Every structure is written in structure tokens, then in C-alpha cells.
$ cat work.cif   # mmCIF, C-alpha atoms
data_protein
loop_
_atom_site.label_atom_id
_atom_site.label_comp_id
_atom_site.auth_asym_id
_atom_site.auth_seq_id
_atom_site.Cartn_x
_atom_site.Cartn_y
_atom_site.Cartn_z
CA MET A 343 -22.78 33.41 -29.50
CA SER A 344 -24.48 32.69 -32.78
CA GLU A 345 -28.19 33.21 -33.11
CA ILE A 346 -30.57 30.41 -32.29
CA LYS A 347 -31.90 28.62 -35.34
CA LYS A 348 -35.01 26.53 -35.68
CA PHE A 349 -34.09 22.93 -36.45
CA LEU A 350 -36.73 20.54 -37.72
CA TYR A 351 -36.09 16.80 -37.87
CA VAL A 352 -38.52 14.99 -40.17
CA ASN A 353 -38.81 11.25 -39.51
CA ARG A 354 -40.53 9.14 -42.17
CA LYS A 355 -39.14 5.62 -41.76
CA ALA A 356 -40.19 2.69 -39.60
CA PRO A 357 -37.71 1.65 -36.89
CA TYR A 358 -35.54 -1.51 -36.94
CA GLY A 359 -36.04 -2.42 -40.62
CA THR A 360 -33.54 0.30 -41.53
CA ILE A 361 -31.05 2.36 -39.50
CA TYR A 362 -32.68 5.77 -40.23
CA ALA A 363 -34.71 6.01 -37.00
CA TRP A 364 -31.75 5.39 -34.70
CA GLU A 365 -29.44 7.64 -36.74
CA SER A 366 -31.98 10.43 -36.54
CA LEU A 367 -32.35 10.03 -32.78
CA GLU A 368 -28.57 10.18 -32.32
CA VAL A 369 -28.30 13.34 -34.42
CA VAL A 370 -31.18 14.89 -32.46
CA LEU A 371 -29.41 14.18 -29.18
CA ILE A 372 -26.13 15.56 -30.48
CA GLY A 373 -27.84 18.66 -31.87
CA ALA A 374 -29.69 19.24 -28.61
CA ALA A 375 -26.37 19.82 -26.86
CA PHE A 376 -25.97 23.05 -28.85
CA ASP A 377 -28.90 25.03 -27.43
CA GLN A 378 -30.88 25.29 -30.63
CA ASP A 379 -34.64 25.37 -31.05
CA VAL A 380 -35.48 21.75 -31.88
CA THR A 381 -38.71 20.36 -33.29
CA LEU A 382 -39.37 16.75 -34.25
CA ALA A 383 -41.97 15.62 -36.79
CA PHE A 384 -43.12 12.04 -37.24
CA VAL A 385 -44.96 11.33 -40.48
CA ASP A 386 -45.69 8.33 -42.73
CA ASP A 387 -44.01 5.16 -41.35
CA GLY A 388 -42.03 7.43 -38.99
CA VAL A 389 -45.00 7.36 -36.59
CA TYR A 390 -44.09 3.72 -35.86
CA GLN A 391 -40.86 4.95 -34.22
CA ILE A 392 -42.72 6.22 -31.17
CA VAL A 393 -45.21 3.38 -30.74
CA LYS A 394 -45.18 1.96 -27.22
CA GLY A 395 -44.94 -1.69 -26.15
CA THR A 396 -41.89 -2.60 -28.24
CA ASP A 397 -39.86 -5.67 -27.29
CA THR A 398 -36.77 -6.30 -29.38
CA ALA A 399 -35.36 -9.25 -27.42
CA GLY A 400 -36.46 -11.64 -30.19
CA ILE A 401 -34.62 -9.81 -32.97
CA GLU A 402 -31.53 -9.22 -30.82
CA MET A 403 -31.36 -5.50 -31.50
CA LYS A 404 -31.07 -2.66 -29.01
CA ASN A 405 -34.53 -1.34 -28.11
CA PHE A 406 -34.26 2.43 -28.42
CA SER A 407 -37.85 3.24 -27.42
CA PRO A 408 -36.71 4.22 -23.89
CA THR A 409 -34.36 6.79 -25.40
CA TYR A 410 -37.28 8.82 -26.78
CA THR A 411 -38.47 9.27 -23.18
CA ALA A 412 -35.16 11.07 -22.44
CA LEU A 413 -35.93 13.77 -25.04
CA GLY A 414 -37.64 15.87 -22.35
CA ASP A 415 -34.35 15.95 -20.40
CA TYR A 416 -32.75 17.36 -23.56
CA ASP A 417 -35.31 20.20 -23.60
CA ILE A 418 -37.07 18.81 -26.65
CA LYS A 419 -40.67 19.76 -26.08
CA LYS A 420 -42.12 20.02 -29.56
CA ILE A 421 -42.93 16.66 -31.10
CA TYR A 422 -45.51 16.72 -33.87
CA VAL A 423 -47.23 13.63 -35.26
CA GLU A 424 -49.27 13.75 -38.44
CA LYS A 425 -52.89 12.75 -37.83
CA GLU A 426 -53.38 11.42 -41.36
CA SER A 427 -50.37 9.07 -40.99
CA LEU A 428 -51.74 7.67 -37.73
CA GLU A 429 -55.18 7.08 -39.24
CA LYS A 430 -53.84 5.29 -42.28
CA ARG A 431 -52.06 2.87 -39.92
CA GLY A 432 -54.99 2.27 -37.56
CA LEU A 433 -53.17 4.07 -34.74
CA THR A 434 -54.24 6.72 -32.24
CA VAL A 435 -52.28 8.87 -29.81
CA ASP A 436 -52.96 6.17 -27.17
CA ASP A 437 -50.69 3.79 -29.10
CA LEU A 438 -47.77 6.21 -28.74
CA LEU A 439 -45.17 6.61 -26.00
CA ASP A 440 -46.18 9.04 -23.28
CA LEU A 441 -43.50 11.66 -23.89
CA LYS A 442 -43.28 14.47 -21.35
CA TRP A 443 -41.10 17.41 -20.50
CA GLU A 444 -40.79 19.13 -17.14
CA ASP A 445 -41.39 22.85 -16.84
CA GLU A 446 -38.74 24.23 -14.51
CA ASP A 447 -40.68 27.48 -14.17
CA GLU A 448 -43.76 25.68 -12.88
CA ASP A 449 -42.13 23.51 -10.22
CA TRP A 450 -41.23 20.79 -12.73
CA ALA A 451 -44.82 20.25 -13.83
CA GLU A 452 -44.97 17.47 -16.44
CA LYS A 453 -46.32 18.52 -19.80
CA ASP A 454 -47.08 16.54 -22.95
CA SER A 455 -44.48 16.79 -25.71
CA ILE A 456 -46.51 15.01 -28.37
CA HIS A 457 -49.00 16.97 -30.43
CA VAL A 458 -51.11 15.32 -33.10
CA VAL A 459 -51.52 17.76 -35.99
CA SER A 460 -53.00 17.76 -39.49
CA SER A 461 -50.98 17.76 -42.71
CA ALA A 462 -51.87 21.43 -43.19
CA GLU A 463 -50.54 22.33 -39.75
CA LEU A 464 -47.36 20.38 -40.45
CA ALA A 465 -46.93 22.29 -43.69
CA ASP A 466 -46.82 25.49 -41.61
CA ILE A 467 -44.35 23.96 -39.15
CA MET A 468 -42.11 22.85 -42.03
CA ASP A 469 -42.34 26.24 -43.66
CA ASP A 470 -41.31 27.91 -40.42
CA ALA A 471 -38.08 25.91 -39.91
CA ASP A 472 -34.66 27.44 -40.65
CA ILE A 473 -32.96 24.09 -41.12
CA THR A 474 -34.69 20.82 -41.95
CA LEU A 475 -33.03 17.43 -41.57
CA SER A 476 -34.81 14.49 -43.18
CA PHE A 477 -34.56 10.87 -42.17
CA MET B 602 -6.50 -2.42 -25.50
CA PRO B 603 -7.73 -4.91 -22.86
CA ILE B 604 -7.53 -4.19 -19.15
CA GLU B 605 -6.65 -6.79 -16.51
CA VAL B 606 -9.07 -7.20 -13.58
CA ASN B 607 -8.50 -9.95 -10.98
CA GLY B 608 -6.62 -11.98 -13.57
CA VAL B 609 -9.34 -11.63 -16.20
CA SER B 610 -8.75 -9.72 -19.40
CA ILE B 611 -11.57 -7.33 -20.36
CA ALA B 612 -11.80 -5.73 -23.80
CA THR B 613 -11.89 -1.96 -24.21
CA ASP B 614 -11.95 0.22 -27.32
CA GLU B 615 -9.10 2.46 -28.45
CA GLU B 616 -10.26 5.20 -26.08
CA GLY B 617 -10.55 2.89 -23.08
CA TYR B 618 -14.34 2.41 -23.00
CA LEU B 619 -15.59 -1.10 -22.23
CA GLU B 620 -16.55 -3.06 -25.35
CA ASP B 621 -19.22 -4.98 -23.44
CA LEU B 622 -21.08 -3.13 -20.73
CA SER B 623 -22.19 -6.35 -19.06
CA ALA B 624 -18.51 -7.04 -18.22
CA TRP B 625 -18.70 -4.23 -15.66
CA ASN B 626 -18.45 -4.64 -11.89
CA GLU B 627 -17.03 -2.51 -9.09
CA ASP B 628 -13.55 -3.99 -9.45
CA VAL B 629 -13.60 -3.16 -13.15
CA ALA B 630 -14.67 0.38 -12.25
CA LYS B 631 -11.71 0.73 -9.88
CA VAL B 632 -9.25 -0.38 -12.57
CA LEU B 633 -10.84 2.02 -15.08
CA ALA B 634 -10.60 4.80 -12.47
CA ASP B 635 -6.92 3.99 -12.01
CA THR B 636 -6.27 4.43 -15.72
CA GLU B 637 -7.89 7.87 -15.37
CA GLY B 638 -5.75 8.64 -12.32
CA LEU B 639 -8.82 8.85 -10.07
CA ASP B 640 -9.25 7.59 -6.54
CA MET B 641 -12.89 6.53 -6.13
CA SER B 642 -14.60 8.26 -3.17
CA ASN B 643 -18.24 7.80 -2.15
CA ASP B 644 -19.06 10.93 -4.14
CA HIS B 645 -17.51 9.37 -7.24
CA TRP B 646 -19.47 6.16 -6.76
CA GLU B 647 -22.68 8.12 -6.35
CA ILE B 648 -22.29 9.67 -9.80
CA VAL B 649 -21.10 6.44 -11.43
CA ASN B 650 -24.10 4.55 -10.04
CA PHE B 651 -26.40 7.37 -11.08
CA LEU B 652 -25.08 7.09 -14.66
CA ARG B 653 -25.62 3.35 -14.72
CA GLU B 654 -29.21 3.81 -13.59
CA TYR B 655 -29.74 6.51 -16.22
CA TYR B 656 -28.40 4.22 -18.93
CA GLU B 657 -30.55 1.34 -17.71
CA GLU B 658 -33.65 3.52 -18.02
CA TYR B 659 -32.95 5.45 -21.24
CA GLN B 660 -30.34 3.34 -23.07
CA ILE B 661 -28.06 6.34 -23.56
CA ALA B 662 -25.30 8.08 -21.66
CA PRO B 663 -26.52 11.66 -21.08
CA ALA B 664 -24.80 14.80 -22.33
CA VAL B 665 -23.13 16.90 -19.59
CA ARG B 666 -25.90 19.50 -19.51
CA VAL B 667 -28.52 16.78 -19.11
CA LEU B 668 -26.46 14.94 -16.52
CA THR B 669 -26.00 18.11 -14.46
CA LYS B 670 -29.72 18.82 -14.43
CA ALA B 671 -30.66 15.22 -13.63
CA VAL B 672 -28.10 14.96 -10.81
CA GLY B 673 -29.40 18.21 -9.32
CA LYS B 674 -32.90 16.83 -9.30
CA LYS B 675 -32.03 13.42 -7.91
CA LEU B 676 -29.10 14.05 -5.56
CA GLY B 677 -29.64 17.64 -4.51
CA LYS B 678 -29.13 21.10 -5.99
CA GLU B 679 -25.60 21.54 -4.60
CA LYS B 680 -24.46 18.52 -6.63
CA GLY B 681 -26.22 19.54 -9.81
CA THR B 682 -23.53 21.97 -10.90
CA SER B 683 -20.79 21.51 -13.44
CA LYS B 684 -18.28 22.75 -10.83
CA TYR B 685 -19.13 19.87 -8.48
CA LEU B 686 -19.02 17.30 -11.28
CA TYR B 687 -15.77 18.63 -12.78
CA GLU B 688 -14.11 18.57 -9.36
CA LEU B 689 -14.88 14.85 -9.15
CA PHE B 690 -14.08 14.14 -12.81
CA PRO B 691 -11.62 16.77 -14.05
CA TYR B 692 -11.53 15.53 -17.64
CA GLY B 693 -15.28 15.87 -18.04
CA PRO B 694 -18.00 14.24 -15.98
CA ALA B 695 -19.82 12.65 -18.89
CA LYS B 696 -16.69 11.39 -20.57
CA GLN B 697 -14.69 10.22 -17.57
CA ALA B 698 -17.55 9.07 -15.33
CA CYS B 699 -19.19 7.20 -18.21
CA LYS B 700 -15.98 5.36 -18.89
CA ILE B 701 -15.68 4.29 -15.24
CA ALA B 702 -19.37 3.31 -15.24
CA GLY B 703 -18.65 1.00 -18.18
CA LEU B 704 -20.98 2.91 -20.52
CA PRO B 705 -20.33 3.89 -24.12
CA LYS B 706 -19.01 7.38 -24.78
CA PRO B 707 -21.90 9.86 -24.44
CA THR B 708 -23.68 10.67 -27.68
CA GLY B 709 -22.38 13.99 -28.93
CA CYS B 710 -19.12 13.79 -27.01
CA VAL B 711 -16.10 14.38 -29.25
CA MET C 396 -45.01 -21.95 -52.77
CA LEU C 397 -43.89 -19.56 -50.01
CA HIS C 398 -43.79 -15.81 -50.58
CA THR C 399 -41.94 -13.58 -48.12
CA VAL C 400 -42.41 -9.81 -47.91
CA ASN C 401 -40.11 -7.58 -45.83
CA LYS C 402 -41.06 -3.98 -46.71
CA SER C 403 -43.69 -1.75 -45.14
CA PRO C 404 -46.85 -1.71 -47.30
CA PHE C 405 -46.96 2.07 -46.86
CA GLU C 406 -43.51 2.67 -48.26
CA LYS C 407 -43.19 0.18 -51.10
CA ASP C 408 -45.66 -1.79 -53.19
CA SER C 409 -43.95 -5.15 -52.57
CA LEU C 410 -46.96 -6.44 -50.67
CA ALA C 411 -49.41 -5.38 -53.39
CA ALA C 412 -47.23 -7.05 -56.04
CA CYS C 413 -47.01 -10.22 -53.96
CA LEU C 414 -50.78 -10.36 -53.45
CA ARG C 415 -51.35 -9.75 -57.17
CA MET C 416 -48.89 -12.38 -58.37
CA SER C 417 -49.39 -15.23 -55.92
CA LYS C 418 -51.75 -18.15 -56.41
CA ASP C 419 -54.52 -19.52 -54.26
CA GLY C 420 -53.28 -22.01 -51.68
CA CYS C 421 -49.85 -20.42 -51.30
CA ALA C 422 -48.27 -19.24 -48.05
CA ILE C 423 -47.33 -15.59 -47.45
CA LEU C 424 -44.95 -14.72 -44.63
CA LEU C 425 -44.64 -11.12 -43.47
CA ILE C 426 -41.27 -10.28 -41.91
CA GLU C 427 -39.32 -7.16 -40.81
CA ASP C 428 -41.19 -3.95 -41.73
CA ALA C 429 -43.84 -5.94 -43.63
CA VAL C 430 -45.32 -7.05 -40.29
CA TYR C 431 -47.12 -3.69 -40.21
CA ALA C 432 -49.30 -5.17 -42.96
CA ALA C 433 -50.46 -7.80 -40.45
CA THR C 434 -52.08 -5.18 -38.20
CA ASP C 435 -55.76 -4.36 -38.17
CA GLY C 436 -57.46 -1.06 -38.95
CA THR C 437 -54.90 0.12 -41.50
CA ALA C 438 -55.31 1.26 -45.09
CA VAL C 439 -54.17 -2.19 -46.31
CA SER C 440 -55.98 -4.44 -43.79
CA ASP C 441 -58.79 -5.17 -46.24
CA GLN C 442 -56.34 -6.37 -48.91
CA ILE C 443 -54.77 -8.80 -46.45
CA LYS C 444 -58.15 -10.02 -45.22
CA GLU C 445 -59.22 -10.63 -48.82
CA ALA C 446 -56.02 -12.59 -49.49
CA MET C 447 -56.56 -14.67 -46.34
CA LYS C 448 -59.71 -16.16 -47.89
CA THR C 449 -57.58 -18.18 -50.33
CA LYS C 450 -53.99 -17.97 -49.00
CA SER C 451 -52.30 -18.70 -45.66
CA VAL C 452 -50.82 -15.57 -44.11
CA TYR C 453 -48.13 -15.70 -41.43
CA ALA C 454 -46.14 -13.03 -39.59
CA LEU C 455 -42.81 -13.41 -37.80
CA LYS C 456 -43.49 -12.88 -34.10
CA PRO C 457 -40.07 -11.46 -33.08
CA ASP C 458 -40.53 -8.72 -35.70
CA VAL C 459 -44.11 -8.07 -34.55
CA ASP C 460 -43.01 -7.78 -30.91
CA ALA C 461 -40.03 -5.55 -31.71
CA ARG C 462 -42.37 -3.06 -33.35
CA GLY C 463 -44.93 -3.04 -30.55
CA MET C 464 -47.62 -4.51 -32.80
CA SER C 465 -48.45 -7.73 -30.92
CA GLY C 466 -51.85 -6.49 -29.74
CA LYS C 467 -52.93 -5.37 -33.20
CA VAL C 468 -52.49 -8.44 -35.41
CA ILE C 469 -55.48 -9.38 -37.58
CA ASP C 470 -57.34 -12.48 -36.33
CA GLY C 471 -56.41 -15.50 -38.40
CA ILE C 472 -52.83 -14.47 -39.16
CA GLU C 473 -50.56 -17.06 -37.62
CA LEU C 474 -47.58 -15.75 -35.66
CA ILE C 475 -44.51 -17.93 -36.02
CA ASP C 476 -40.99 -17.87 -34.56
CA TYR C 477 -37.69 -18.46 -36.37
CA ALA C 478 -38.09 -22.25 -36.08
CA GLY C 479 -41.55 -21.90 -37.66
CA PHE C 480 -39.99 -19.85 -40.48
CA VAL C 481 -37.53 -22.67 -41.15
CA SER C 482 -40.32 -25.29 -41.16
CA LEU C 483 -42.36 -23.18 -43.54
CA VAL C 484 -39.44 -22.92 -45.98
CA ALA C 485 -38.75 -26.66 -45.64
CA ASP C 486 -42.40 -27.56 -46.26
CA GLN C 487 -42.75 -25.52 -49.45
CA ASN C 488 -41.26 -26.55 -52.78
CA SER C 489 -39.98 -23.02 -53.46
CA THR C 490 -39.70 -19.56 -51.97
CA GLN C 491 -39.97 -16.14 -53.51
CA SER C 492 -38.83 -12.98 -51.73
CA TRP C 493 -40.61 -9.72 -52.50
CA LEU C 494 -38.01 -7.13 -51.53
#
$ encode --input "work.cif" --output "C-alpha cells"
Amino acid sequence: MSEIKKFLYVNRKAPYGTIYAWESLEVVLIGAAFDQDVTLAFVDDGVYQIVKGTDTAGIEMKNFSPTYTALGDYDIKKIYVEKESLEKRGLTVDDLLDLKWEDEDEDWAEKDSIHVVSSAELADIMDDADITLSF
Amino acid sequence: MPIEVNGVSIATDEEGYLEDLSAWNEDVAKVLADTEGLDMSNDHWEIVNFLREYYEEYQIAPAVRVLTKAVGKKLGKEKGTSKYLYELFPYGPAKQACKIAGLPKPTGCV
Amino acid sequence: MLHTVNKSPFEKDSLAACLRMSKDGCAILLIEDAVYAATDGTAVSDQIKEAMKTKSVYALKPDVDARGMSGKVIDGIELIDYAGFVSLVADQNSTQSWL
């Protein structure tokens, strides 16, 4: 068994206009099958990926918002969103999907996965990662 | 290669997964199960229907580990084990059950 | 003259260039990732509101809805569907795309 590494996925692109957001999500789900320590960061236009209330029927594309809500099932509990990016876009945490994970050790208590953090805090998180994948 | 169900030809990809998941119905599932050499029992249907509901909610077919945990929570602990799921679907619960459920191959499945 | 913009204002300066090089009385249509520019309370909202004083600004509704932005569109920006897009192109003597 190899040692557990800290993977950080940095998401900086808006969804739907380009394929980056969906590609990133697929890689995250694949990576999560390998029991690594996974952290997601959403910065710049990447914060738009986890905005709630999306309806893609009109553009005839698959709506992958619901897939983010499955991240808790994949044991992904650390999702960081840059505060400065939200502010620049007139968004608050209330505009984002309500992403939860269930703590098996506390009778499946639901806990928040999303944490809004400052640029400085994100710098520490990025510095701490063993492997960073950028999308 | 297309499969034939009640006289209707339904498209599948080179690995036998349905091209169009809306083409699925129980008769299609039975034909897909046949190609996998499986006889569908109530226990098989329970997992296939569970997968369809999971896909409906999250738009993905879950990885085995995630499926096992979710089945255990929803259908009871004794069913949430890989032993139980592999007994029903010997070539891999995610892979084989997803195919019969008409879903795409699970993300991360090779 | 119709100007279309399809890039996020936070990632590229297509919108800024369009606003700078378009004339009073023209129509500006925000599509794809540029619909984020149609939302209120952002770092570029003031630029759009200033442009709206002399230019007509539209946003493509299917793109707005897909991105979950329908509740955030600036008052006075007209949301149009694909048929409206076609009419807009047909009504204008020329179209310029800011990519």
C-alpha cells in the first residue's frame, strides 16, 4: 500500500462555456476511488461551478450540478471557496449548493463540506498539497 | 452492436452499454442480463433499480465503494457488502449492474 | 449594429473592449459565459449599467438559466431566447462578435 498523498484540485473556470469544469469533476471522482486525501478549491470563475439553481434544459447540455452533491458519498469533505472571488461576483455562500458529508462516526450526522476562506488561507492550503491538479 | 428487444433494435456501444439511457425498460434489462449470463432475481432488480434512482439524483453511476456504502444505508447493512453485490453480479456490481440498468459505465471504471 | 460577447468578463477583457469600441444606440447581446456580466453586484456591474444609458443590452436566457443566474440579472437587461437572438441579428445591419 503506497502512502496517502494530499491531492488538491484547483478549479478556476466557469461551467458550460468550456469543458474544464466537467473534466475536473470526472477526474475528482476517478481519483476518489483510490483512497487519497482529496481537497477541492474553487476560485475565480470556478466559484460559478457550484452555484445552485442551474437549469440547462434550454442549452441542451447535461446539468452536472447534482453530481457535486454526490461528492460527500465519495468521502470528499474539504471544499474551499475563495471569499474574494465570491465578492467580486456579487455572490455569497447562500448562492452555492448545500454540499454535505455524513460522519459515520457520529451516526451519519450531516456536516458542511464547503468552507469560505480568504486568499491567504488558500495560499496555505495550496502550499500544503503534495499534488496539485489545475483546471 | 445493437441488441434486439421485442423486435426493436436498440443501440449499444462496443462494450454493450446502452447508447441512449432513455431506451431502457425492464425488457431491455432482461436482454442485457442475458448477454451477461445473469438470471434476474428480485435481489438483482433491487440493485438495478437502486442504481437508476442514484443516477437520476446525481447524474453519475457510482464507484463500487460508493455503491456499497449507499446500498448498506438504503437497503440494510447485510446488503451493503461487496460480497453480497459480487454474488449477484460476479463481474463487478458497478460494471455489470450499471450495464443492465442502462447507465453509462461508472466513472473511473476501466 | 449588434455586438455579441461570449466570454466571462472576469477571465477575458472582451466585454471591456466591446464597451469601449461600440457606439451609442447599438445593441449588445451577452451569451454563454458572458451572461455573468449581466448579473448585479459584481465588479463589472457598474460598467454595464453605464453602457445601458446609451446602448441596449440583452442576455440569452437559456445561458442565464443554465448558470443559475436568473434571479440576479440587472434590471433593464432584456432576456431573450434563441428566436429573439435570430430577430436581433435580422434587425441589425451587421454583427460583430467579441470572442
$ closest_residue --input "work.cif" --among "A:Leu413, A:Ile456, A:Met468, A:Ile346" --to "chain B" --atoms "only C-alpha atoms"
A:Leu413
$ closest_residue --input "work.cif" --among "A:Ile421, A:Leu428, A:Leu464, A:Ala451" --to "chain C" --atoms "all atoms listed in the file"
A:Leu428
$ interface_residues --input "work.cif" --of "chain B" --to "chain A" --cutoff "9 Å" --atoms "all atoms listed in the file" --output "PyMOL selection string"
chain B and resi 658-661+663-668+670-671+708-710
$ write_last_selection --input "work.cif" --atoms "C-alpha atoms" --output "mmCIF file, keeping the file's coordinate frame"
data_model
loop_
_atom_site.group_PDB
_atom_site.id
_atom_site.type_symbol
_atom_site.label_atom_id
_atom_site.label_comp_id
_atom_site.auth_asym_id
_atom_site.auth_seq_id
_atom_site.Cartn_x
_atom_site.Cartn_y
_atom_site.Cartn_z
ATOM 1 C CA GLU B 658 -33.650 3.520 -18.020
ATOM 2 C CA TYR B 659 -32.950 5.450 -21.240
ATOM 3 C CA GLN B 660 -30.340 3.340 -23.070
ATOM 4 C CA ILE B 661 -28.060 6.340 -23.560
ATOM 5 C CA PRO B 663 -26.520 11.660 -21.080
ATOM 6 C CA ALA B 664 -24.800 14.800 -22.330
ATOM 7 C CA VAL B 665 -23.130 16.900 -19.590
ATOM 8 C CA ARG B 666 -25.900 19.500 -19.510
ATOM 9 C CA VAL B 667 -28.520 16.780 -19.110
ATOM 10 C CA LEU B 668 -26.460 14.940 -16.520
ATOM 11 C CA LYS B 670 -29.720 18.820 -14.430
ATOM 12 C CA ALA B 671 -30.660 15.220 -13.630
ATOM 13 C CA THR B 708 -23.680 10.670 -27.680
ATOM 14 C CA GLY B 709 -22.380 13.990 -28.930
ATOM 15 C CA CYS B 710 -19.120 13.790 -27.010
#
$ interface_residues --input "work.cif" --of "chain A" --to "chain C" --cutoff "8 Å" --atoms "only C-alpha atoms" --output "ChimeraX atom specification"
/A:356-359,386-387,390,393-401,405,429-433
$ atom_distance --input "work.cif" --atom1 "atom CA of Leu676 of chain B" --atom2 "atom CA of Gln378 of chain A"
27.5 Å
$ resolve_selection --input "work.cif" --expression "the PyMOL selection byres ((chain B and resi 680) around 12)" --output "list in words"
Asp644, His645, Glu647, Ile648, Leu668, Thr669, Lys670, Ala671, Val672, Gly673, Lys674, Lys675, Leu676, Gly677, Lys678, Glu679, Gly681, Thr682, Ser683, Lys684, Tyr685, Leu686, Tyr687, Glu688 and Leu689 of chain B
$ resolve_selection --input "work.cif" --expression "the PyMOL selection byres ((chain B and resi 618) around 12)" --output "PyMOL selection string"
chain B and resi 602-604+611-617+619-622+624-625+629-630+632-634+636-637+696-707
$ resolve_selection --input "work.cif" --expression "the PyMOL selection byres ((chain A and resi 442) around 8)" --output "PyMOL selection string"
chain A and resi 411+414+419+440-441+443-444+452-456
$ atom_distance --input "work.cif" --atom1 "atom CA of Gln391 of chain A" --atom2 "atom CA of Leu439 of chain A"
9.4 Å
$ atom_distance --input "work.cif" --atom1 "atom CA of Phe349 of chain A" --atom2 "atom CA of Ser366 of chain A"
12.7 Å
$ residues_around --input "work.cif" --residues "Ser461 of chain A" --least-positions-apart "5" --cutoff "9 Å" --atoms "only C-alpha atoms" --output "number ranges by chain"
A: 424-427, 466
$ residues_around --input "work.cif" --residues "Ala454 of chain C" --least-positions-apart "2" --cutoff "6 Å" --atoms "only C-alpha atoms" --output "VMD selection string"
chain C and resid 424 to 425 474
$ write_last_selection --input "work.cif" --atoms "C-alpha atoms" --output "PDB file, keeping the file's coordinate frame"
ATOM      1  CA  LEU C 424     -44.950 -14.720 -44.630  1.00  0.00           C
ATOM      2  CA  LEU C 425     -44.640 -11.120 -43.470  1.00  0.00           C
ATOM      3  CA  LEU C 474     -47.580 -15.750 -35.660  1.00  0.00           C
TER       4      LEU C 474
END
$ residues_around --input "work.cif" --residues "segment 414-420 of chain C" --least-positions-apart "4" --cutoff "9 Å" --atoms "only C-alpha atoms" --output "PyMOL selection string"
chain C and resi 396+398+409-410+442-443+446+448-451
$ axis_aligned_box --input "work.cif" --around "segment 703-708 of chain B" --padding-each-side "5 Å" --output "JSON"
{"center_x": -21.2, "center_y": 5.8, "center_z": -22.9, "size_x": 15.0, "size_y": 19.7, "size_z": 19.5}
